[in-house]
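Asker: Pasting in a structure now, in structure tokens, and then I'll have a few things to ask.
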Amino acid sequence: MLERHERRERSWERVRAMFYHAYEHYLESAFPYDELRPLTCDGQDTWGSFSLTLIDALDTLLILGNVSEFQRVVNVLQEGVDFDIDVNASVFETNIRVVGGLLSAHLLSKKAGVEVEAGWPCSGPLLRMAEEAARKLLPAFQTPTGMPYGTVNLLHGVNPGETPVTCTAGIGTFIVEFATLSHLTGDPVFEDVARKALKALWKNRSDIGLVGNHIDVITAKWVAQDAGIGAGVDSYFEYLVKGAILLQDKELMAMFLEYDKAIKNYTKFDDWYLWVQMYKGTVSMPVFQSLEAYWPGLQSLIGDVDNAMRTFLNYYTVWKQFGGLPEFYNIPQGYTVDKREGYPLRPELIESAMYLYRATRDPTLLELGRDAVESIEKISKVDCGFATIKDLRDHRLDNRMESFFLAETVKYLYLLFDPDNFIHNDGSVFDVVITPYGECVLSAGGYVFNTEAHPIDPAALHCCRKRKEEQWEVEDLMREFYSLKRNKKFTLKRASDHGEEESAKDPRDASSEKGGEKRSSKKSSHSLLSCPSQSFNSKLAVLGQVFLDNT
């Protein structure tokens with residue numbers, strides 16, 4: 001047992017070192033550009049000139065325990081990022097990376113020791129930046145169907161000649177960020193457009209219950225009719241589940257479960273998922289795409305753990321074959337697809353390993369994590385960071401380090417090996433904050449990751465409600481559990497306003513070494529929250545890890 005703990009500790013120290021090797025070289029060689037070019041030790045703008053890697057890495061800094069650098073970067077972003085620029089930006093990428101990254105950092109600011117303004121989390125500079133960025137995206141949703149264009153000019157709106165063809169994921173991946181914005185700011189427009197887009201896709205599914213890959217947002221005609229769970233579709237399914245958990249929304253979950261049935265009926269073969277024609281269900285591409293590796297993690301969120309593990313193990317065999325996941329893998333031939341042999345350090349298989357390890361504690365999942373660390377360090381590490389692997393067969397490299405490497409890949413690896421991280425909080429520790437709308441509980445766990453791995457605290461959505469009668473269900477449950485304390489050995493400890501989690505201390509950050517009050521004792525024994533009779537809302541809370549059942 002001790003040996004296993006030491007191996008895990010060594011692994012997360014290696015992951016921490018990976019993060020800083022990449023992050024420090026981005027600061028030295030690439031900032032203020034979006035991304036680092038690690039082979040030439042310089043930078044480039046890729047998604048809109050937002051210093052994107054800095055935004056994407058911000059919450060990872062806190063997860064690693066570096067509060068002082070988090071605070072410094074918050075100030076840098078407030079002073080240096082401008083969205084009033086004549087740039088054509090991806091609506092999808094700007095939402096998940098910029099809006100999502102800023103929202104997450106806003107909600108984590110107090111935990112990071114940032115001096116928050118009165119009214120937080122219902123106000124704050126990072127929230128205002130997230131809202132400004134999201135408003136720049138709203139013109140894209142002004143279509144007859146409510147489905148957004150894929151690209152928008154941040155200064156002028158949608159260009160007159162913009163193509164109306166958008167991928168499914170580019171339409172259905174807004175509800176997490178936009179609903180959070182609406183709940184925090186009180187402006188319903190963001191959640192409204194996100195829901196309308198989701199429902200438009202649902203309305204245009206085929207008679208056998210599948211959606212295609214690309215659709216015309218003006219006419220609602222499917223342009224690419226391949227149906228699957230991978231590239232172009234993936235995060236639409238992810239956001240139906242995560243939106244349902246975040247918002248405790250029956251309709252979104254029902255939509256996903258209907259899709260799940262169709263996906264299993266038509267695309268699943270021997271625990272692999274193929275691509276099929278959306279109207280007929282006939283196989284169109286017998287390939288596995290690396291982006292599909294998020295699916296086992298998503299299955300675990302709805303409790304389908306056995307199916308998730310079987311599919312995960314299939315994907316893991318591909319990783320072991322190549323030391324990474326090629327973008328496309330031909331399942332019948334058991335080899336890569338021509339011109340799709342690269343691995344840009346994607347996080348999806350590691351993401352699934354993190355979720356499944358939380359659900360099963362299967363040591364195989366830690367092995368994947370260690371294999372990933374070994375492969376990335378051996379193949380991808382260069383003097384100025386970590387480079388995209390252009391070809392897994394001969395380990396040729398490409399001159400790019402995408403921002404998701406620090407936002408997702410490193411973060412999920414670290415959380416896989418750090419079981420005591422505040423992100424994994426089981427609800428026994430929490431903060432109580434006073435807002436203009438009353439008392440609210442935060443940091444109790446159950447974080448919902450957006451598709452760029454930016455964690456959103458679901459409790460925050462209930463802090464800024466304008467109507468007093470809309471009481472947060474969990475607040476009542478907390479009071480109920482307090483009343484049971486005399487009869488059961490159960491304690492809920494209120495976290496102090498200052499100080500870091502013991503597990504999140506960063507040796508680079510002197511402020512985390514002193515003056516930090518420990519929030520909870522590891523030796524204290526308490527029962528985890530149990531919900532014997534579970535309504536739909538309570539079940540979603542369990543899925544979101546707000547409550548964990550120890551029975």
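Each chain of the structure tokens is named A, B, ... in the order shown, its residues numbered from 1; ligands are numbered from 1 in display order.
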Please provide the set of residues having any atom within 8 Å of region 153-160 of chain A, restricted to only C-alpha atoms, with same-chain residues fewer than 5 positions apart removed, written as a list in words.
Answerer: Phe83, Asp84, Ile85, Asp86, Val87, Asn88, Ala89, Lys136, Leu137, Pro139 and Ala140 of chain A
Asker: Find the residue from A:Ser11, A:Asn330, A:Gln321, A:Asn213 that sits nearest to Phe417 (chain A); use only C-alpha atoms when measuring.
Answerer: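 Nearest candidate to Phe417 (chain A) out of A:Ser11, A:Asn330, A:Gln321, A:Asn213: A:Ser11.
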Asker: Where does DSSP see strand (DSSP E) in region 280-509 of chain A, if you list the residues as a tab-separated table (two decimals) with N, CA and C atoms, in the first residue's frame?
Answerer:
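Final output, saved to result.tsv:
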```tsv
chain	number	residue	atom	x	y	z
A	283	VAL	N	-22.63	1.02	-41.87
A	283	VAL	CA	-21.28	1.47	-41.50
A	283	VAL	C	-20.67	2.27	-42.64
A	284	SER	N	-20.18	3.46	-42.32
A	284	SER	CA	-19.52	4.30	-43.33
A	284	SER	C	-18.01	4.38	-43.10
A	285	MET	N	-17.57	4.32	-41.84
A	285	MET	CA	-16.14	4.36	-41.53
A	285	MET	C	-15.86	3.45	-40.32
A	287	VAL	N	-13.59	3.18	-38.19
A	287	VAL	CA	-12.39	3.75	-37.56
A	287	VAL	C	-12.69	4.22	-36.14
A	288	PHE	N	-11.64	4.21	-35.34
A	288	PHE	CA	-11.65	4.82	-34.01
A	288	PHE	C	-10.86	6.12	-34.10
A	289	GLN	N	-11.45	7.20	-33.64
A	289	GLN	CA	-10.75	8.49	-33.61
A	289	GLN	C	-10.33	8.79	-32.17
A	328	PHE	N	-6.64	8.82	-36.21
A	328	PHE	CA	-7.55	7.81	-36.75
A	328	PHE	C	-6.87	6.44	-36.65
A	329	TYR	N	-7.68	5.43	-36.29
A	329	TYR	CA	-7.17	4.06	-36.18
A	329	TYR	C	-8.16	3.14	-36.88
A	330	ASN	N	-7.70	2.42	-37.89
A	330	ASN	CA	-8.56	1.49	-38.63
A	330	ASN	C	-8.76	0.23	-37.79
A	335	TYR	N	-4.46	-0.71	-37.47
A	335	TYR	CA	-3.32	0.19	-37.71
A	335	TYR	C	-3.82	1.60	-38.00
A	336	THR	N	-2.89	2.53	-38.10
A	336	THR	CA	-3.23	3.93	-38.33
A	336	THR	C	-3.82	4.14	-39.73
A	381	LYS	N	8.94	15.65	-25.43
A	381	LYS	CA	9.65	16.71	-24.70
A	381	LYS	C	10.83	17.24	-25.50
A	382	VAL	N	10.89	18.57	-25.62
A	382	VAL	CA	12.02	19.24	-26.27
A	382	VAL	C	12.48	20.37	-25.36
A	385	GLY	N	9.63	22.98	-24.41
A	385	GLY	CA	8.27	22.57	-24.07
A	385	GLY	C	7.99	21.16	-24.51
A	386	PHE	N	6.76	20.92	-24.98
A	386	PHE	CA	6.34	19.62	-25.49
A	386	PHE	C	5.71	19.82	-26.86
A	388	THR	N	3.77	18.63	-30.45
A	388	THR	CA	2.83	17.71	-31.08
A	388	THR	C	3.60	16.60	-31.79
A	389	ILE	N	3.13	15.36	-31.67
A	389	ILE	CA	3.75	14.24	-32.37
A	389	ILE	C	3.09	14.12	-33.73
A	390	LYS	N	3.86	14.39	-34.75
A	390	LYS	CA	3.31	14.41	-36.11
A	390	LYS	C	3.00	13.01	-36.61
A	391	ASP	N	3.82	12.03	-36.20
A	391	ASP	CA	3.63	10.66	-36.66
A	391	ASP	C	4.07	9.71	-35.55
A	396	ARG	N	8.22	11.57	-35.45
A	396	ARG	CA	8.49	12.91	-35.94
A	396	ARG	C	7.60	13.91	-35.20
A	397	LEU	N	8.12	15.11	-35.00
A	397	LEU	CA	7.41	16.12	-34.21
A	397	LEU	C	6.95	17.27	-35.10
A	398	ASP	N	5.94	18.00	-34.59
A	398	ASP	CA	5.44	19.19	-35.26
A	398	ASP	C	5.66	20.39	-34.34
A	429	VAL	N	-16.33	19.44	3.17
A	429	VAL	CA	-15.72	20.74	3.39
A	429	VAL	C	-16.35	21.73	2.41
A	430	PHE	N	-16.64	22.93	2.88
A	430	PHE	CA	-17.27	23.89	1.99
A	430	PHE	C	-17.06	25.30	2.51
A	431	ASP	N	-17.33	26.26	1.66
A	431	ASP	CA	-17.30	27.67	2.03
A	431	ASP	C	-18.74	28.20	2.07
A	432	VAL	N	-18.99	29.12	2.98
A	432	VAL	CA	-20.26	29.84	2.98
A	432	VAL	C	-19.96	31.30	2.66
A	433	VAL	N	-20.59	31.83	1.63
A	433	VAL	CA	-20.37	33.23	1.26
A	433	VAL	C	-21.70	33.97	1.31
A	434	ILE	N	-21.62	35.25	1.60
A	434	ILE	CA	-22.80	36.10	1.63
A	434	ILE	C	-22.86	36.89	0.32
A	435	THR	N	-23.97	36.76	-0.38
A	435	THR	CA	-24.15	37.50	-1.62
A	435	THR	C	-25.31	38.48	-1.43
A	438	GLY	N	-28.42	36.57	-0.52
A	438	GLY	CA	-28.47	35.69	0.64
A	438	GLY	C	-27.21	34.85	0.78
A	439	GLU	N	-27.28	33.88	1.69
A	439	GLU	CA	-26.15	33.00	1.98
A	439	GLU	C	-26.06	31.91	0.93
A	440	CYS	N	-24.84	31.53	0.57
A	440	CYS	CA	-24.71	30.44	-0.39
A	440	CYS	C	-23.47	29.61	-0.10
A	441	VAL	N	-23.58	28.32	-0.40
A	441	VAL	CA	-22.52	27.35	-0.14
A	441	VAL	C	-21.73	27.14	-1.42
A	442	LEU	N	-20.39	27.23	-1.33
A	442	LEU	CA	-19.52	27.02	-2.48
A	442	LEU	C	-18.42	26.03	-2.13
A	448	VAL	N	-18.16	20.46	-12.37
A	448	VAL	CA	-18.47	20.00	-13.72
A	448	VAL	C	-17.43	20.59	-14.66
A	449	PHE	N	-16.67	19.73	-15.32
A	449	PHE	CA	-15.64	20.20	-16.25
A	449	PHE	C	-16.28	20.52	-17.60
A	455	PRO	N	-13.10	23.60	-14.64
A	455	PRO	CA	-14.11	23.18	-13.66
A	455	PRO	C	-15.07	24.30	-13.28
A	456	ILE	N	-16.36	23.99	-13.31
A	456	ILE	CA	-17.41	24.92	-12.90
A	456	ILE	C	-18.04	24.39	-11.62
A	493	LYS	N	-17.49	20.44	7.86
A	493	LYS	CA	-16.59	21.47	8.34
A	493	LYS	C	-16.58	22.64	7.38
A	494	ARG	N	-16.79	23.80	7.94
A	494	ARG	CA	-16.76	25.01	7.11
A	494	ARG	C	-15.30	25.38	6.86
```
Asker: Any idea what's packed within 8 Å of Glu408 (chain A), counting only C-alpha atoms, ignoring anything in its chain fewer than 6 positions away? Could you give it as a list of chain:residue names?
Answerer: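 The contact residues come out as A:Pro347, A:Glu351, A:Glu452, A:Ala453.
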Asker: Quick one: write out the picked residues with C-alpha atoms as a short mmCIF file (atom, residue, chain, number, x, y, z; two decimals), in the first residue's frame?
Answerer:
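So the final result, stored in out.cif, reads:
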```cif
data_model
loop_
_atom_site.label_atom_id
_atom_site.label_comp_id
_atom_site.auth_asym_id
_atom_site.auth_seq_id
_atom_site.Cartn_x
_atom_site.Cartn_y
_atom_site.Cartn_z
CA PRO A 347 -6.33 14.51 -23.16
CA GLU A 351 -9.75 12.22 -18.96
CA GLU A 452 -11.66 22.15 -22.15
CA ALA A 453 -11.39 20.79 -18.56
#
```
Asker: Between A:Leu39, A:Val193, A:Val67, A:Ile96, which one has atoms that come closest to Gly113 (chain A), using only C-alpha atoms?
Answerer: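 That would be A:Val67, the residue with the smallest distance to Gly113 (chain A).
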Asker: Which residues, written as a list in words, have at least one atom at most 10 Å from Tyr412 (chain A), with only C-alpha atoms counted and residues fewer than 6 positions away on the same chain left out?
Answerer: Val15, Thr60, Pro347, Glu348, Leu349, Ile350, Glu351, Ser352, Ala353, Met354, Tyr355, Gly369, Phe405, Leu406, Asp418 and Ala453 of chain A
Asker: Which distance in Å separates CA of Cys122 (chain A) and CA of Tyr437 (chain A), to one decimal?
Answerer: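 Separation between CA of Cys122 (chain A) and CA of Tyr437 (chain A): 9.3 Å.
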Asker: Measuring between only C-alpha atoms, which one of A:Val73, A:Leu301, A:Ile379, A:Val276 shows the shortest distance to Gly243 (chain A)?
Answerer: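 Closest to Gly243 (chain A), using only C-alpha atoms: A:Leu301.
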Asker: Have a look at A:His183, A:Arg7, A:His21, A:His424 and name the one nearest to His462 (chain A); count only C-alpha atoms.
Answerer: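 Residue with the minimum atom-to-atom distance to His462 (chain A): A:His183.
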Asker: Looking only at helix (DSSP H, G or I) from DSSP on the backbone, list the matching residues of region 95-127 of chain A as a list in words.
Answerer: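 In region 95-127 of chain A, DSSP puts these residues in helix (DSSP H, G or I): Asn95, Ile96, Arg97, Val98, Val99, Gly100, Gly101, Leu102, Leu103, Ser104, Ala105, His106, Leu107, Leu108, Pro125, Leu126 and Leu127 of chain A.
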Asker: Selected residues, N, CA and C atoms, written as a PDB file, in the first residue's frame, please.
Answerer:
```
ATOM      1  N   ASN A  95     -15.583  29.927 -27.009  1.00  0.00           N
ATOM      2  CA  ASN A  95     -16.440  29.608 -25.873  1.00  0.00           C
ATOM      3  C   ASN A  95     -15.762  28.661 -24.899  1.00  0.00           C
ATOM      4  N   ILE A  96     -15.266  27.524 -25.392  1.00  0.00           N
ATOM      5  CA  ILE A  96     -14.768  26.507 -24.453  1.00  0.00           C
ATOM      6  C   ILE A  96     -13.459  26.925 -23.803  1.00  0.00           C
ATOM      7  N   ARG A  97     -12.612  27.654 -24.534  1.00  0.00           N
ATOM      8  CA  ARG A  97     -11.296  28.000 -23.991  1.00  0.00           C
ATOM      9  C   ARG A  97     -11.313  29.336 -23.252  1.00  0.00           C
ATOM     10  N   VAL A  98     -11.871  30.365 -23.882  1.00  0.00           N
ATOM     11  CA  VAL A  98     -11.813  31.706 -23.305  1.00  0.00           C
ATOM     12  C   VAL A  98     -12.941  31.921 -22.290  1.00  0.00           C
ATOM     13  N   VAL A  99     -14.191  31.767 -22.738  1.00  0.00           N
ATOM     14  CA  VAL A  99     -15.319  31.968 -21.819  1.00  0.00           C
ATOM     15  C   VAL A  99     -15.249  30.955 -20.684  1.00  0.00           C
ATOM     16  N   GLY A 100     -15.022  29.686 -21.022  1.00  0.00           N
ATOM     17  CA  GLY A 100     -14.925  28.650 -20.000  1.00  0.00           C
ATOM     18  C   GLY A 100     -13.768  28.874 -19.042  1.00  0.00           C
ATOM     19  N   GLY A 101     -12.613  29.235 -19.573  1.00  0.00           N
ATOM     20  CA  GLY A 101     -11.438  29.466 -18.725  1.00  0.00           C
ATOM     21  C   GLY A 101     -11.624  30.644 -17.786  1.00  0.00           C
ATOM     22  N   LEU A 102     -12.223  31.720 -18.284  1.00  0.00           N
ATOM     23  CA  LEU A 102     -12.443  32.901 -17.445  1.00  0.00           C
ATOM     24  C   LEU A 102     -13.501  32.642 -16.381  1.00  0.00           C
ATOM     25  N   LEU A 103     -14.569  31.923 -16.738  1.00  0.00           N
ATOM     26  CA  LEU A 103     -15.607  31.602 -15.751  1.00  0.00           C
ATOM     27  C   LEU A 103     -15.048  30.739 -14.632  1.00  0.00           C
ATOM     28  N   SER A 104     -14.286  29.725 -14.999  1.00  0.00           N
ATOM     29  CA  SER A 104     -13.698  28.841 -13.997  1.00  0.00           C
ATOM     30  C   SER A 104     -12.770  29.617 -13.066  1.00  0.00           C
ATOM     31  N   ALA A 105     -11.908  30.440 -13.656  1.00  0.00           N
ATOM     32  CA  ALA A 105     -10.981  31.224 -12.841  1.00  0.00           C
ATOM     33  C   ALA A 105     -11.730  32.195 -11.938  1.00  0.00           C
ATOM     34  N   HIS A 106     -12.800  32.788 -12.448  1.00  0.00           N
ATOM     35  CA  HIS A 106     -13.629  33.682 -11.627  1.00  0.00           C
ATOM     36  C   HIS A 106     -14.171  32.945 -10.399  1.00  0.00           C
ATOM     37  N   LEU A 107     -14.705  31.752 -10.620  1.00  0.00           N
ATOM     38  CA  LEU A 107     -15.326  31.011  -9.521  1.00  0.00           C
ATOM     39  C   LEU A 107     -14.293  30.435  -8.550  1.00  0.00           C
ATOM     40  N   LEU A 108     -13.040  30.311  -8.990  1.00  0.00           N
ATOM     41  CA  LEU A 108     -11.979  29.798  -8.117  1.00  0.00           C
ATOM     42  C   LEU A 108     -11.166  30.912  -7.464  1.00  0.00           C
ATOM     43  N   PRO A 125     -14.203  41.048 -12.022  1.00  0.00           N
ATOM     44  CA  PRO A 125     -13.577  41.407 -13.300  1.00  0.00           C
ATOM     45  C   PRO A 125     -13.489  40.244 -14.288  1.00  0.00           C
ATOM     46  N   LEU A 126     -13.182  39.043 -13.819  1.00  0.00           N
ATOM     47  CA  LEU A 126     -13.093  37.906 -14.735  1.00  0.00           C
ATOM     48  C   LEU A 126     -14.466  37.525 -15.273  1.00  0.00           C
ATOM     49  N   LEU A 127     -15.500  37.661 -14.438  1.00  0.00           N
ATOM     50  CA  LEU A 127     -16.864  37.414 -14.905  1.00  0.00           C
ATOM     51  C   LEU A 127     -17.242  38.417 -15.984  1.00  0.00           C
TER      52      LEU A 127
END
```
Asker: Mind checking which residues fall within 6 Å of region 226-241 of chain A, counting only C-alpha atoms, ignoring those fewer than 3 positions away in the same chain, and posting them as a ChimeraX atom specification?
Answerer: /A:167-169,172-173,211-213,244,252-253,256,275-278,291-292
Asker: In terms of the shortest atom-to-atom distance over only C-alpha atoms, which of A:Asn75, A:Asp457, A:Asp59, A:Pro32 is closest to Thr46 (chain A)?
Answerer: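 Closest candidate: A:Pro32.
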Asker: Please indicate the distance in Å from CA of Ser29 (chain A) to CA of Ser49 (chain A), rounded to one decimal place.
Answerer: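 About the pair CA of Ser29 (chain A) and CA of Ser49 (chain A): they are 15.5 Å apart.
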Asker: Considering only C-alpha atoms, state which residue in the set A:Ala308, A:Leu27, A:Leu64, A:Val176 is at the smallest distance from His454 (chain A).
Answerer: A:Val176
Asker: For a test of reading the model, state the distance in Å between CA of Glu79 (chain A) and CA of Gly124 (chain A), rounded to one decimal.
Answerer: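 Interatomic distance here is 14.2 Å.
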Asker: Excluding Cys384 (chain A) and its own-chain neighbours fewer than 4 positions away, which residues fall within 12 Å of it when counting only C-alpha atoms? Please give them as an NGL selection string.
Answerer: :A and (18 or 20-30 or 36-43 or 380 or 399-401)
